[in-house]
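Chemist: Have a peek at structure-v4.txt (compact mmCIF, C-alpha atoms).
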```txt
# COMPACT_ATOMS: atom_id res chain seq x y z
CA MET J 159 -0.95 19.05 50.03
CA ASN J 160 -1.42 22.20 52.08
CA GLN J 161 -2.33 25.57 50.59
CA PRO J 162 1.05 27.31 51.09
CA ASP J 163 2.80 24.41 49.30
CA TYR J 164 0.29 24.60 46.47
CA GLU J 165 0.77 28.36 46.12
CA PHE J 166 4.55 27.93 46.11
CA LEU J 167 4.33 25.36 43.30
CA ARG J 168 1.88 27.52 41.34
CA LYS J 169 4.25 30.47 41.52
CA LEU J 170 7.29 28.35 40.68
CA LEU J 171 5.59 26.87 37.62
CA ARG J 172 4.33 30.27 36.51
CA ASP J 173 7.80 31.79 36.85
CA LYS J 174 9.68 28.92 35.26
CA SER J 175 7.35 27.85 32.46
CA GLY J 176 4.43 30.24 32.16
CA LEU J 177 2.11 27.41 33.21
CA ASP J 178 -0.78 29.21 34.81
CA LEU J 179 -2.65 26.78 37.07
CA SER J 180 -5.99 27.90 38.45
CA ALA J 181 -6.65 27.75 42.19
CA ASP J 182 -8.23 24.27 42.08
CA LYS J 183 -5.64 22.16 40.28
CA GLN J 184 -4.17 20.42 43.34
CA TYR J 185 -5.11 17.03 41.86
CA LEU J 186 -3.07 17.77 38.74
CA ILE J 187 0.00 18.67 40.78
CA GLU J 188 -0.38 15.61 43.00
CA SER J 189 -0.85 13.21 40.10
CA ARG J 190 2.24 14.51 38.29
CA LEU J 191 4.56 15.29 41.18
CA LEU J 192 3.96 12.49 43.70
CA PRO J 193 5.66 9.91 41.44
CA LEU J 194 8.56 12.33 40.99
CA ALA J 195 8.82 12.95 44.75
CA ARG J 196 8.89 9.21 45.46
CA LYS J 197 11.51 8.68 42.78
CA ALA J 198 13.63 11.29 44.56
CA GLY J 199 13.14 9.45 47.86
CA LEU J 200 10.77 12.06 49.27
CA PRO J 201 7.60 10.83 51.00
CA SER J 202 5.32 13.75 50.20
CA ILE J 203 4.73 16.88 48.16
CA GLY J 204 5.60 18.88 51.31
CA GLU J 205 9.09 17.37 51.42
CA LEU J 206 9.49 18.01 47.71
CA VAL J 207 8.53 21.66 48.18
CA GLN J 208 11.14 21.98 50.94
CA LYS J 209 13.85 20.67 48.60
CA LEU J 210 12.71 23.11 45.93
CA LYS J 211 12.85 25.98 48.42
CA ASP J 212 16.42 24.95 49.21
CA GLY J 213 17.17 25.74 45.55
CA ASN J 214 17.73 22.26 44.12
CA SER J 215 17.91 23.33 40.46
CA GLY J 216 17.91 19.79 39.06
CA LEU J 217 14.73 19.02 40.93
CA ILE J 218 13.16 22.29 39.80
CA SER J 219 13.76 21.31 36.16
CA GLN J 220 12.22 17.90 36.77
CA VAL J 221 9.15 19.45 38.38
CA VAL J 222 8.66 21.85 35.48
CA GLU J 223 9.10 19.05 32.98
CA ALA J 224 6.69 16.75 34.82
CA MET J 225 4.04 19.44 34.89
CA THR J 226 4.45 20.63 31.31
CA THR J 227 5.22 17.46 29.39
CA ASN J 228 2.28 15.84 27.71
CA GLU J 229 3.22 12.53 26.17
CA THR J 230 0.48 12.28 23.63
CA PHE J 231 -1.77 14.75 21.94
CA PHE J 232 -3.96 15.08 18.88
CA PHE J 233 -2.11 15.23 15.54
CA ARG J 234 1.18 14.73 17.37
CA ASP J 235 4.15 15.76 15.20
CA LYS J 236 1.73 16.77 12.39
CA VAL J 237 3.90 15.28 9.61
CA PRO J 238 2.57 11.68 9.88
CA PHE J 239 -0.95 12.99 9.44
CA ASP J 240 0.13 14.99 6.38
CA HIS J 241 1.52 11.71 5.00
CA PHE J 242 -1.79 10.01 5.80
CA ARG J 243 -3.90 12.67 4.02
CA GLU J 244 -1.58 13.43 1.12
CA ALA J 245 0.13 10.13 0.31
CA ILE J 246 -1.33 7.10 2.06
CA MET J 247 -5.06 7.56 1.60
CA PRO J 248 -4.94 8.87 -1.99
CA GLU J 249 -2.89 5.84 -3.00
CA LEU J 250 -5.07 3.36 -1.11
CA LEU J 251 -8.24 4.87 -2.59
CA LYS J 252 -6.86 3.97 -6.00
CA ALA J 253 -5.41 0.59 -5.04
CA ARG J 254 -8.49 -0.61 -3.11
CA THR J 255 -11.12 0.71 -5.48
CA ASN J 256 -12.64 -2.76 -5.99
CA ARG J 257 -12.49 -3.86 -2.37
CA LYS J 258 -13.52 -0.47 -0.96
CA SER J 259 -12.06 -1.17 2.43
CA VAL J 260 -9.01 -0.03 4.36
CA ARG J 261 -7.69 -1.44 7.63
CA ILE J 262 -5.56 0.77 9.89
CA TRP J 263 -3.72 -0.30 13.06
CA CYS J 264 -2.50 2.08 15.75
CA ALA J 265 -0.05 -0.22 17.49
CA ALA J 266 0.48 2.13 20.44
CA GLY J 267 -2.96 3.67 20.55
CA SER J 268 -2.52 4.89 24.12
CA THR J 269 -5.34 7.18 25.27
CA GLY J 270 -6.84 7.53 21.81
CA GLN J 271 -5.45 10.79 20.45
CA GLU J 272 -3.74 9.07 17.50
CA PRO J 273 -6.61 6.82 16.35
CA TYR J 274 -9.12 9.65 16.77
CA SER J 275 -6.85 12.04 14.86
CA LEU J 276 -6.90 9.52 12.01
CA ALA J 277 -10.68 9.19 12.34
CA MET J 278 -11.00 12.99 12.01
CA CYS J 279 -8.74 12.97 8.92
CA LEU J 280 -11.02 10.35 7.38
CA LYS J 281 -14.17 12.30 8.26
CA GLU J 282 -12.66 15.38 6.66
CA MET J 283 -12.26 13.39 3.41
CA GLY J 284 -16.06 13.34 3.24
CA ALA J 285 -17.66 11.99 0.06
CA ALA J 286 -14.41 10.46 -1.23
CA LEU J 287 -14.95 7.64 1.29
CA SER J 288 -18.66 7.20 0.69
CA GLY J 289 -19.39 3.46 0.49
CA TRP J 290 -16.00 2.52 1.94
CA ARG J 291 -15.43 0.44 5.04
CA ILE J 292 -12.63 1.81 7.19
CA ASP J 293 -11.47 -0.10 10.27
CA ILE J 294 -9.20 1.52 12.82
CA VAL J 295 -7.83 -0.91 15.41
CA ALA J 296 -6.17 0.69 18.43
CA THR J 297 -4.05 -1.55 20.64
CA ASP J 298 -2.10 -0.89 23.78
CA LEU J 299 -0.51 -2.91 26.54
CA SER J 300 -2.42 -1.04 29.21
CA GLN J 301 -6.11 -1.75 29.71
CA GLU J 302 -6.35 1.46 31.73
CA VAL J 303 -5.35 3.72 28.84
CA LEU J 304 -7.57 1.74 26.47
CA GLU J 305 -10.54 2.44 28.74
CA LYS J 306 -9.75 6.15 28.55
CA SER J 307 -9.49 5.86 24.79
CA LYS J 308 -12.85 4.09 24.57
CA ALA J 309 -14.53 6.81 26.64
CA GLY J 310 -13.02 9.47 24.39
CA LEU J 311 -13.07 12.03 27.21
CA TYR J 312 -10.30 14.63 27.32
CA SER J 313 -9.39 17.55 29.54
CA GLN J 314 -9.20 21.10 28.30
CA PHE J 315 -5.40 20.83 28.33
CA GLU J 316 -5.50 17.68 26.22
CA VAL J 317 -7.72 19.13 23.48
CA GLN J 318 -5.62 22.27 23.11
CA ARG J 319 -2.36 20.70 21.99
CA GLY J 320 -2.35 19.96 18.28
CA LEU J 321 -6.09 19.97 17.73
CA PRO J 322 -7.27 22.87 15.55
CA ILE J 323 -10.16 24.68 17.20
CA GLN J 324 -12.38 24.11 14.16
CA LEU J 325 -12.02 20.33 14.62
CA LEU J 326 -12.78 20.62 18.33
CA VAL J 327 -16.04 22.42 17.58
CA LYS J 328 -16.92 19.99 14.80
CA TYR J 329 -16.11 16.64 16.39
CA PHE J 330 -16.38 17.08 20.17
CA LYS J 331 -19.10 17.88 22.62
CA GLN J 332 -18.63 19.49 26.00
CA VAL J 333 -19.33 17.28 29.03
CA GLY J 334 -18.92 19.44 32.12
CA GLU J 335 -15.27 20.50 32.15
CA LEU J 336 -14.28 17.73 29.73
CA TRP J 337 -14.59 17.27 26.00
CA GLN J 338 -15.85 14.02 24.48
CA ILE J 339 -15.20 12.96 20.92
CA ASN J 340 -18.48 12.34 19.08
CA SER J 341 -19.96 8.86 19.12
CA ASP J 342 -19.68 8.33 15.35
CA LEU J 343 -15.89 8.81 15.60
CA ARG J 344 -15.68 6.58 18.68
CA ALA J 345 -17.51 3.90 16.69
CA MET J 346 -14.80 4.02 14.02
CA VAL J 347 -12.16 2.74 16.48
CA GLN J 348 -11.95 -0.81 17.86
CA HIS J 349 -9.86 -1.31 20.98
CA ARG J 350 -7.78 -4.38 21.81
CA GLN J 351 -5.29 -5.02 24.59
CA LEU J 352 -2.04 -6.26 23.09
CA ASN J 353 1.57 -6.84 23.99
CA LEU J 354 3.67 -6.25 20.87
CA LEU J 355 6.09 -8.93 22.03
CA HIS J 356 3.35 -11.51 21.63
CA ASP J 357 1.82 -12.92 18.47
CA PHE J 358 -0.55 -10.46 16.82
CA THR J 359 -1.52 -12.39 13.70
CA HIS J 360 -5.06 -12.72 15.12
CA LEU J 361 -5.58 -9.01 14.38
CA GLY J 362 -5.49 -9.79 10.66
CA THR J 363 -3.78 -7.90 7.87
CA PHE J 364 -3.53 -4.13 7.63
CA ASP J 365 -3.08 -1.54 4.91
CA VAL J 366 -1.60 1.02 7.28
CA ILE J 367 0.24 0.55 10.57
CA PHE J 368 1.04 3.47 12.84
CA CYS J 369 3.72 2.28 15.27
CA ARG J 370 5.09 5.49 16.66
CA ASN J 371 7.22 6.15 19.72
CA VAL J 372 6.91 2.65 21.12
CA LEU J 373 9.81 0.72 19.57
CA ILE J 374 12.25 3.18 21.16
CA TYR J 375 11.68 1.26 24.40
CA PHE J 376 12.90 -2.04 22.93
CA ASP J 377 16.38 -3.38 22.35
CA GLN J 378 17.71 -3.90 18.84
CA GLU J 379 16.96 -7.62 18.58
CA THR J 380 13.38 -7.11 19.71
CA LYS J 381 12.88 -4.25 17.27
CA ILE J 382 14.06 -6.47 14.39
CA ASN J 383 11.70 -9.20 15.55
CA ILE J 384 8.73 -6.81 15.71
CA PHE J 385 9.51 -5.24 12.33
CA GLY J 386 9.53 -8.73 10.80
CA ARG J 387 6.14 -9.56 12.27
CA LEU J 388 4.69 -6.14 11.34
CA ALA J 389 5.70 -6.80 7.74
CA LYS J 390 3.86 -10.13 7.83
CA SER J 391 0.74 -8.37 9.15
CA MET J 392 0.75 -5.85 6.34
CA GLU J 393 -0.52 -5.90 2.77
CA ALA J 394 2.33 -5.98 0.23
CA ASP J 395 1.53 -2.39 -0.81
CA GLY J 396 0.80 -1.13 2.72
CA PHE J 397 2.37 1.67 4.72
CA LEU J 398 4.24 1.72 8.02
CA VAL J 399 4.47 4.99 9.96
CA LEU J 400 7.18 5.31 12.62
CA GLY J 401 7.96 8.07 15.11
CA ALA J 402 10.21 10.97 14.24
CA ALA J 403 13.17 9.49 16.14
CA GLU J 404 12.72 5.93 14.82
CA THR J 405 13.89 4.13 11.69
CA VAL J 406 14.29 0.68 10.16
CA VAL J 407 17.56 1.69 8.53
CA GLY J 408 20.45 -0.38 9.84
CA LEU J 409 18.08 -2.82 11.55
CA THR J 410 16.12 -4.65 8.91
CA ASP J 411 15.40 -4.59 5.21
CA VAL J 412 11.82 -5.87 5.43
CA PHE J 413 10.69 -2.24 5.11
CA LYS J 414 12.12 0.46 2.89
CA PRO J 415 11.84 4.19 3.60
CA LEU J 416 10.11 6.54 1.18
CA ALA J 417 12.71 9.07 0.16
CA ASP J 418 10.59 12.20 0.35
CA ARG J 419 8.35 11.16 3.26
CA ARG J 420 10.13 11.19 6.62
CA GLY J 421 8.93 8.39 8.92
CA LEU J 422 6.99 6.57 6.18
CA TYR J 423 7.97 3.04 5.08
CA ARG J 424 6.66 0.32 2.76
CA PRO J 425 7.25 -3.43 2.75
CA SER J 426 10.19 -4.38 0.58
CA GLY J 427 8.99 -7.93 -0.04
CA THR J 428 12.14 -9.27 1.62
CA ALA J 429 11.69 -12.09 4.13
CA PRO J 430 12.85 -11.39 7.70
CA ALA J 431 16.42 -12.55 8.27
CA LYS J 432 15.83 -14.09 11.71
CA PRO J 433 13.28 -16.50 13.14
CA PHE J 434 10.80 -14.97 15.59
CA ALA J 435 10.71 -15.54 19.30
CA PHE J 436 7.70 -14.43 21.29
CA GLY J 437 7.37 -13.12 24.81
CA THR J 438 10.96 -13.15 25.96
CA GLN J 439 11.36 -9.68 27.38
CA GLN J 440 8.60 -8.88 29.79
CA LYS J 441 10.44 -5.88 31.20
CA MET J 442 10.51 -4.21 27.83
CA ALA J 443 6.87 -5.06 27.31
CA THR J 444 5.96 -3.28 30.51
CA MET J 445 7.82 -0.18 29.40
CA ALA J 446 6.15 -0.26 26.02
CA GLY J 447 2.82 0.47 27.57
CA HIS J 448 3.87 3.98 28.54
CA MET Q 998 10.68 39.82 13.98
CA LYS Q 999 6.90 39.41 14.07
CA THR Q 1000 4.88 41.47 16.51
CA CYS Q 1001 2.13 40.15 18.78
CA LEU Q 1002 -0.36 42.48 20.46
CA VAL Q 1003 -1.45 41.06 23.82
CA VAL Q 1004 -4.86 42.37 24.83
CA ASP Q 1005 -5.88 41.55 28.41
CA ASP Q 1006 -7.01 43.63 31.37
CA SER Q 1007 -4.92 41.46 33.74
CA SER Q 1008 -1.34 42.68 34.05
CA VAL Q 1009 -0.33 39.22 35.35
CA VAL Q 1010 -1.68 37.49 32.24
CA ARG Q 1011 -0.03 40.08 29.99
CA LYS Q 1012 3.28 39.50 31.80
CA ILE Q 1013 3.09 35.70 31.44
CA ALA Q 1014 2.03 35.95 27.80
CA ARG Q 1015 4.83 38.43 27.09
CA ARG Q 1016 7.43 36.07 28.54
CA ILE Q 1017 6.18 33.11 26.49
CA LEU Q 1018 5.81 35.10 23.27
CA GLU Q 1019 9.27 36.63 23.59
CA GLU Q 1020 10.68 33.13 24.15
CA ILE Q 1021 9.13 31.96 20.86
CA GLY Q 1022 10.51 34.95 18.99
CA PHE Q 1023 7.87 37.68 19.01
CA ALA Q 1024 8.14 41.37 19.78
CA VAL Q 1025 5.28 42.12 22.17
CA ILE Q 1026 3.08 45.16 22.61
CA GLU Q 1027 0.29 45.33 25.19
CA ALA Q 1028 -3.20 46.78 25.50
CA GLU Q 1029 -5.51 46.71 28.51
CA ASP Q 1030 -8.81 46.65 26.63
CA GLY Q 1031 -10.32 46.54 23.15
CA GLU Q 1032 -10.29 50.29 22.70
CA GLN Q 1033 -6.56 50.59 23.41
CA ALA Q 1034 -5.97 47.63 21.12
CA LEU Q 1035 -7.95 49.22 18.31
CA GLU Q 1036 -5.96 52.45 18.61
CA ALA Q 1037 -2.72 50.45 18.44
CA CYS Q 1038 -3.96 48.59 15.34
CA LYS Q 1039 -4.94 51.84 13.61
CA LYS Q 1040 -1.34 53.00 13.99
CA SER Q 1041 0.29 49.73 12.98
CA LEU Q 1042 -1.20 46.27 12.41
CA PRO Q 1043 0.65 43.46 14.22
CA GLU Q 1044 1.04 39.99 12.69
CA ALA Q 1045 -0.63 38.35 15.71
CA ILE Q 1046 -3.13 39.30 18.40
CA LEU Q 1047 -3.65 37.33 21.61
CA LEU Q 1048 -7.07 38.47 22.73
CA ASP Q 1049 -9.01 38.20 25.98
CA TRP Q 1050 -12.81 38.19 25.78
CA ASN Q 1051 -14.02 39.94 28.93
CA MET Q 1052 -12.48 43.37 29.39
CA PRO Q 1053 -13.76 46.78 30.45
CA VAL Q 1054 -14.46 49.59 27.95
CA MET Q 1055 -14.49 47.31 24.87
CA ASP Q 1056 -14.52 43.52 25.04
CA GLY Q 1057 -12.54 41.21 22.78
CA TYR Q 1058 -15.51 40.17 20.66
CA ASP Q 1059 -16.43 43.79 19.90
CA PHE Q 1060 -12.79 44.59 19.17
CA LEU Q 1061 -12.49 41.70 16.71
CA GLY Q 1062 -15.49 42.92 14.69
CA ARG Q 1063 -14.03 46.44 14.50
CA LEU Q 1064 -10.54 45.17 13.69
CA ARG Q 1065 -11.78 43.14 10.73
CA ARG Q 1066 -13.47 46.26 9.29
CA LEU Q 1067 -10.21 48.26 9.33
CA PRO Q 1068 -8.22 48.59 6.07
CA ASP Q 1069 -6.15 45.35 5.94
CA GLY Q 1070 -7.85 44.37 9.21
CA GLU Q 1071 -8.20 40.78 7.96
CA ALA Q 1072 -4.42 40.36 8.03
CA PRO Q 1073 -3.57 39.83 11.72
CA LYS Q 1074 -4.00 36.30 13.04
CA VAL Q 1075 -6.27 36.58 16.04
CA VAL Q 1076 -6.05 33.98 18.80
CA PHE Q 1077 -8.62 34.35 21.54
CA CYS Q 1078 -7.29 33.56 25.02
CA THR Q 1079 -10.12 33.53 27.51
CA THR Q 1080 -11.91 31.80 30.36
CA GLU Q 1081 -15.06 31.69 28.20
CA ASN Q 1082 -14.54 28.00 27.60
CA ASP Q 1083 -17.89 26.87 26.21
CA ILE Q 1084 -18.65 25.84 22.68
CA ASP Q 1085 -21.07 28.74 22.07
CA HIS Q 1086 -18.40 31.34 22.74
CA ILE Q 1087 -15.88 29.43 20.62
CA SER Q 1088 -18.33 29.23 17.71
CA ARG Q 1089 -19.16 32.94 17.98
CA ALA Q 1090 -15.46 33.82 17.97
CA LEU Q 1091 -14.78 31.70 14.87
CA ASN Q 1092 -17.77 33.19 13.06
CA ALA Q 1093 -16.51 36.68 13.89
CA GLY Q 1094 -13.16 35.93 12.27
CA ALA Q 1095 -10.97 34.53 15.04
CA ASN Q 1096 -8.26 32.21 13.71
CA GLU Q 1097 -7.72 30.12 16.84
CA TYR Q 1098 -8.94 29.88 20.41
CA ILE Q 1099 -7.11 29.20 23.67
CA MET Q 1100 -9.04 28.25 26.78
CA LYS Q 1101 -7.33 29.59 29.91
CA PRO Q 1102 -5.27 28.50 31.72
CA PHE Q 1103 -2.61 28.37 29.05
CA ASP Q 1104 1.08 27.50 28.90
CA LYS Q 1105 3.92 27.76 26.42
CA ASP Q 1106 3.04 24.49 24.69
CA ILE Q 1107 -0.51 25.60 24.03
CA ILE Q 1108 0.44 29.04 22.73
CA SER Q 1109 3.15 27.49 20.54
CA ALA Q 1110 0.78 24.85 19.19
CA LYS Q 1111 -1.94 27.37 18.38
CA PHE Q 1112 0.47 29.87 16.80
CA GLN Q 1113 1.89 27.03 14.76
CA GLU Q 1114 -1.61 25.99 13.72
CA VAL Q 1115 -2.32 29.40 12.17
CA GLY Q 1116 1.10 29.62 10.51
CA LEU Q 1117 2.66 32.19 12.82
CA ILE Q 1118 5.59 29.94 13.73
CA ASP Q 1119 7.27 26.94 12.14
CA GLN Q 1120 6.69 23.47 13.56
CA SER Q 1121 10.37 23.22 14.42
CA MET Q 1122 10.00 26.14 16.85
CA SER Q 1123 7.22 24.52 18.83
CA PRO Q 1124 8.02 22.51 21.96
CA ALA Q 1125 5.00 20.39 21.10
CA SER Q 1126 6.95 18.91 18.21
CA ALA Q 1127 9.68 17.55 20.46
```
Show this structure as structure tokens.

Modeler:
Amino acid sequence: MNQPDYEFLRKLLRDKSGLDLSADKQYLIESRLLPLARKAGLPSIGELVQKLKDGNSGLISQVVEAMTTNETFFFRDKVPFDHFREAIMPELLKARTNRKSVRIWCAAGSTGQEPYSLAMCLKEMGAALSGWRIDIVATDLSQEVLEKSKAGLYSQFEVQRGLPIQLLVKYFKQVGELWQINSDLRAMVQHRQLNLLHDFTHLGTFDVIFCRNVLIYFDQETKINIFGRLAKSMEADGFLVLGAAETVVGLTDVFKPLADRRGLYRPSGTAPAKPFAFGTQQKMATMAGH
Amino acid sequence: MKTCLVVDDSSVVRKIARRILEEIGFAVIEAEDGEQALEACKKSLPEAILLDWNMPVMDGYDFLGRLRRLPDGEAPKVVFCTTENDIDHISRALNAGANEYIMKPFDKDIISAKFQEVGLIDQSMSPASA
């Protein structure tokens, strides 16, 4: 990308969204906009810039969205983490007082923001968890995002959305221009590559399953299938957390919603209505990794 | 409508911040340095202050200390917004009474998220909740 094109895009983004890119963020523009250019049938950023200069308003919106949308961030949506602190963990601390262990699964762990947000919540509980064993298992279809999650390295942009500054100071260290989550929190999270369409009984049984913003990519039949298998992988008094735009209502009765806790579900004890079929929709599985 | 005082010696940054803050429902006033900001606060305390660190005449850190010693000076939520992006500066700011900290460059999502974090806006108003 040449300098005039870069300056044009910088100005456009500043004018349209307030995004204020410094002079050396060419890589960020290329990584976000090249896929968009190719999707629009344009071979390069230069061609894309020409279309933008011609005043293609639809394309301008797409460029702004591509540059400003961040799919995952720490404490995303906030509410599920309030549920975790205020409802899930207090109840499990009582229910598991003899066993003193809790198993948590982030079924779309992506680049680690969700499992590490949970790890920070647990750390903030301090002495209440003294002597407890807490396992967080983060799975994702993509090995690439799991590697990023394992490294726990995040850009300045990534640590500024949703993460209170006090938690950044407390649980991260600065590594050059990046921020790395501390090793004791990284050690709390186990990473496994997994396709949700395939059998996951080998992961064991969980007290809490976070399965947010992944089932939206599946068709209805597949969702029902996955809900049935999630219920089988969960303790009878466990908790399922779905994304803000997701629900079991109208799909299955193996989970029941908690009336005053949006996005939070518990097993109903009802057996799944349909037999399971594994690995039938590879296309959907590919989408689920993103 | 809540008021946000934007304190930055760069007119470009003030302009960008103004646009974002007005979009998320704030009335905006501006100051070019800590001294101007302090005078504005002595007349009327805003609900929020978006504060640069390095400025001529009086820097943001000095301003924050003086603000917090004013009558009711603990009330405004102060969000630093600076290129001082190291953990030592962040810790100093928090110890001096800053409520949040934005590392430049910033965008609407970051300002919304940080203002939401300190209770200046509802979650439903933040694009980060979408």

Chemist: Enter the distance from CA of Tyr312 (chain J) to CA of Asp1083 (chain Q), in Å, rounded to one decimal.

Modeler: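 The value is 14.4 Å.
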
Chemist: In Å, with one decimal, what is the gap from CA of Ala1024 (chain Q) to CA of Ile1046 (chain Q)?

Modeler: 11.5 Å

Chemist: Just the residues within 8 Å of Phe1060 (chain Q), please, counting only C-alpha atoms, with nothing from its chain fewer than 2 positions along; format it as a ChimeraX atom specification.

Modeler: /Q:1031-1032,1034-1035,1055-1058,1062-1064

Chemist: Give me, as a tab-separated table, each residue of chain Q that comes within 10 Å of chain J, together with its shortest interatomic pair and the distance in Å at one decimal, counting only C-alpha atoms, with rows ordered by chain and rising residue number.

Modeler:
```
residue	atom	partner	partner_atom	distance
Q:Val1010	CA	J:Asp178	CA	8.7
Q:Lys1012	CA	J:Gly176	CA	9.3
Q:Ile1013	CA	J:Gly176	CA	5.7
Q:Ala1014	CA	J:Gly176	CA	7.6
Q:Arg1015	CA	J:Gly176	CA	9.6
Q:Arg1016	CA	J:Gly176	CA	7.5
Q:Ile1017	CA	J:Gly176	CA	6.6
Q:Asn1082	CA	J:Gln314	CA	8.8
Q:Asp1083	CA	J:Gln332	CA	7.4
Q:Ile1084	CA	J:Val327	CA	6.7
Q:Asp1085	CA	J:Val327	CA	9.2
Q:Ile1087	CA	J:Val327	CA	7.6
Q:Ser1088	CA	J:Val327	CA	7.2
Q:Leu1091	CA	J:Gln324	CA	8.0
Q:Asn1096	CA	J:Ile323	CA	8.5
Q:Glu1097	CA	J:Ile323	CA	6.0
Q:Tyr1098	CA	J:Ile323	CA	6.2
Q:Ile1099	CA	J:Gln318	CA	7.1
Q:Met1100	CA	J:Gln314	CA	7.3
Q:Lys1101	CA	J:Asp178	CA	8.2
Q:Pro1102	CA	J:Asp178	CA	5.5
Q:Phe1103	CA	J:Asp178	CA	6.1
Q:Asp1104	CA	J:Leu177	CA	4.4
Q:Lys1105	CA	J:Gly176	CA	6.3
Q:Asp1106	CA	J:Arg319	CA	7.1
Q:Ile1107	CA	J:Arg319	CA	5.6
Q:Ile1108	CA	J:Arg319	CA	8.8
Q:Ser1109	CA	J:Arg319	CA	8.9
Q:Ala1110	CA	J:Gly320	CA	5.9
Q:Lys1111	CA	J:Gly320	CA	7.4
Q:Gln1113	CA	J:Gly320	CA	9.0
Q:Glu1114	CA	J:Pro322	CA	6.7
Q:Val1115	CA	J:Pro322	CA	8.9
Q:Gln1120	CA	J:Asp235	CA	8.3
Q:Ser1121	CA	J:Asp235	CA	9.7
Q:Ser1123	CA	J:Asp235	CA	10.0
Q:Pro1124	CA	J:Thr227	CA	9.4
Q:Ala1125	CA	J:Arg319	CA	7.4
Q:Ser1126	CA	J:Asp235	CA	5.2
Q:Ala1127	CA	J:Asp235	CA	7.8
```

Chemist: Distance CA of Ser259 (chain J)-CA of Tyr423 (chain J), one decimal place?

Modeler: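 Interatomic distance, CA of Ser259 (chain J) to CA of Tyr423 (chain J): 20.6 Å.
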
Chemist: Which residues come within 8 Å of Phe1023 (chain Q), counting all atoms listed in the file, excluding same-chain residues fewer than 4 positions away, as a ChimeraX atom specification?

Modeler: /Q:998-1001,1018-1019

Chemist: Using the file's own x, y and z axes, so that the box edges lie along x, y and z, what centre and edge lengths in Å (one decimal) does a box around every listed atom of region 1080-1096 of chain Q get when 3 Å is added on each side? Give it as AutoDock Vina command-line options.

Modeler:
```
--center_x -14.7 --center_y 31.3 --center_z 21.3 --size_x 18.8 --size_y 16.8 --size_z 24.1
```

Chemist: Give me the residues within 9 Å of Lys211 (chain J) as a PyMOL selection string, counting all atoms listed in the file and dropping any in the same chain fewer than 4 places off.

Modeler: chain J and resi 166+206-207

Chemist: Please provide as an MDAnalysis selection string all residues within 8 Å of Leu1117 (chain Q), with the sequence filter that same-chain residues fewer than 4 positions apart are discarded (counting all atoms listed in the file).

Modeler: chainID Q and resid 1044:1045 1074 1112:1113

Chemist: Step by step: start from the point (-0.3, 44.1, 20.7) in the file's coordinates, keep every protein, DNA or RNA residue that has an atom no farther than 6 Å from it, count only C-alpha atoms, and write the set as a CSV table (one decimal) with C-alpha atoms, keeping the file's coordinate frame.

Modeler:
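The result, stored in selection_0.csv:
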```csv
chain,number,residue,atom,x,y,z
Q,1001,CYS,CA,2.1,40.2,18.8
Q,1002,LEU,CA,-0.4,42.5,20.5
Q,1003,VAL,CA,-1.4,41.1,23.8
Q,1026,ILE,CA,3.1,45.2,22.6
Q,1027,GLU,CA,0.3,45.3,25.2
```

Chemist: Please provide the set of residues having any atom within 12 Å of Phe413 (chain J), restricted to all atoms listed in the file, with same-chain residues fewer than 6 positions apart removed, written as JSON, numbers by chain.

Modeler: {"J": [382, 384, 385, 386, 387, 388, 389, 390, 392, 394, 395, 396, 397, 398, 399, 400, 405, 406, 407, 421, 422, 423, 424, 425, 426, 427, 428, 429, 430]}

Chemist: Is it possible to get the residues within 12 Å of (-1.3, -7.9, 14.4) (coordinates as in the file, counting all atoms listed in the file) written as a PyMOL selection string?

Modeler: chain J and resi 261-266+295-298+350-369+384-393

Chemist: How about saving the chosen residues, C-alpha atoms kept, as a tab-separated table (two decimals), in the frame of the given file?

Modeler:
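The file below, result_0.tsv, is the result:
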```
chain	number	residue	atom	x	y	z
J	261	ARG	CA	-7.69	-1.44	7.63
J	262	ILE	CA	-5.56	0.77	9.89
J	263	TRP	CA	-3.72	-0.30	13.06
J	264	CYS	CA	-2.50	2.08	15.75
J	265	ALA	CA	-0.05	-0.22	17.49
J	266	ALA	CA	0.48	2.13	20.44
J	295	VAL	CA	-7.83	-0.91	15.41
J	296	ALA	CA	-6.17	0.69	18.43
J	297	THR	CA	-4.05	-1.55	20.64
J	298	ASP	CA	-2.10	-0.89	23.78
J	350	ARG	CA	-7.78	-4.38	21.81
J	351	GLN	CA	-5.29	-5.02	24.59
J	352	LEU	CA	-2.04	-6.26	23.09
J	353	ASN	CA	1.57	-6.84	23.99
J	354	LEU	CA	3.67	-6.25	20.87
J	355	LEU	CA	6.09	-8.93	22.03
J	356	HIS	CA	3.35	-11.51	21.63
J	357	ASP	CA	1.82	-12.92	18.47
J	358	PHE	CA	-0.55	-10.46	16.82
J	359	THR	CA	-1.52	-12.39	13.70
J	360	HIS	CA	-5.06	-12.72	15.12
J	361	LEU	CA	-5.58	-9.01	14.38
J	362	GLY	CA	-5.49	-9.79	10.66
J	363	THR	CA	-3.78	-7.90	7.87
J	364	PHE	CA	-3.53	-4.13	7.63
J	365	ASP	CA	-3.08	-1.54	4.91
J	366	VAL	CA	-1.60	1.02	7.28
J	367	ILE	CA	0.24	0.55	10.57
J	368	PHE	CA	1.04	3.47	12.84
J	369	CYS	CA	3.72	2.28	15.27
J	384	ILE	CA	8.73	-6.81	15.71
J	385	PHE	CA	9.51	-5.24	12.33
J	386	GLY	CA	9.53	-8.73	10.80
J	387	ARG	CA	6.14	-9.56	12.27
J	388	LEU	CA	4.69	-6.14	11.34
J	389	ALA	CA	5.70	-6.80	7.74
J	390	LYS	CA	3.86	-10.13	7.83
J	391	SER	CA	0.74	-8.37	9.15
J	392	MET	CA	0.75	-5.85	6.34
J	393	GLU	CA	-0.52	-5.90	2.77
```
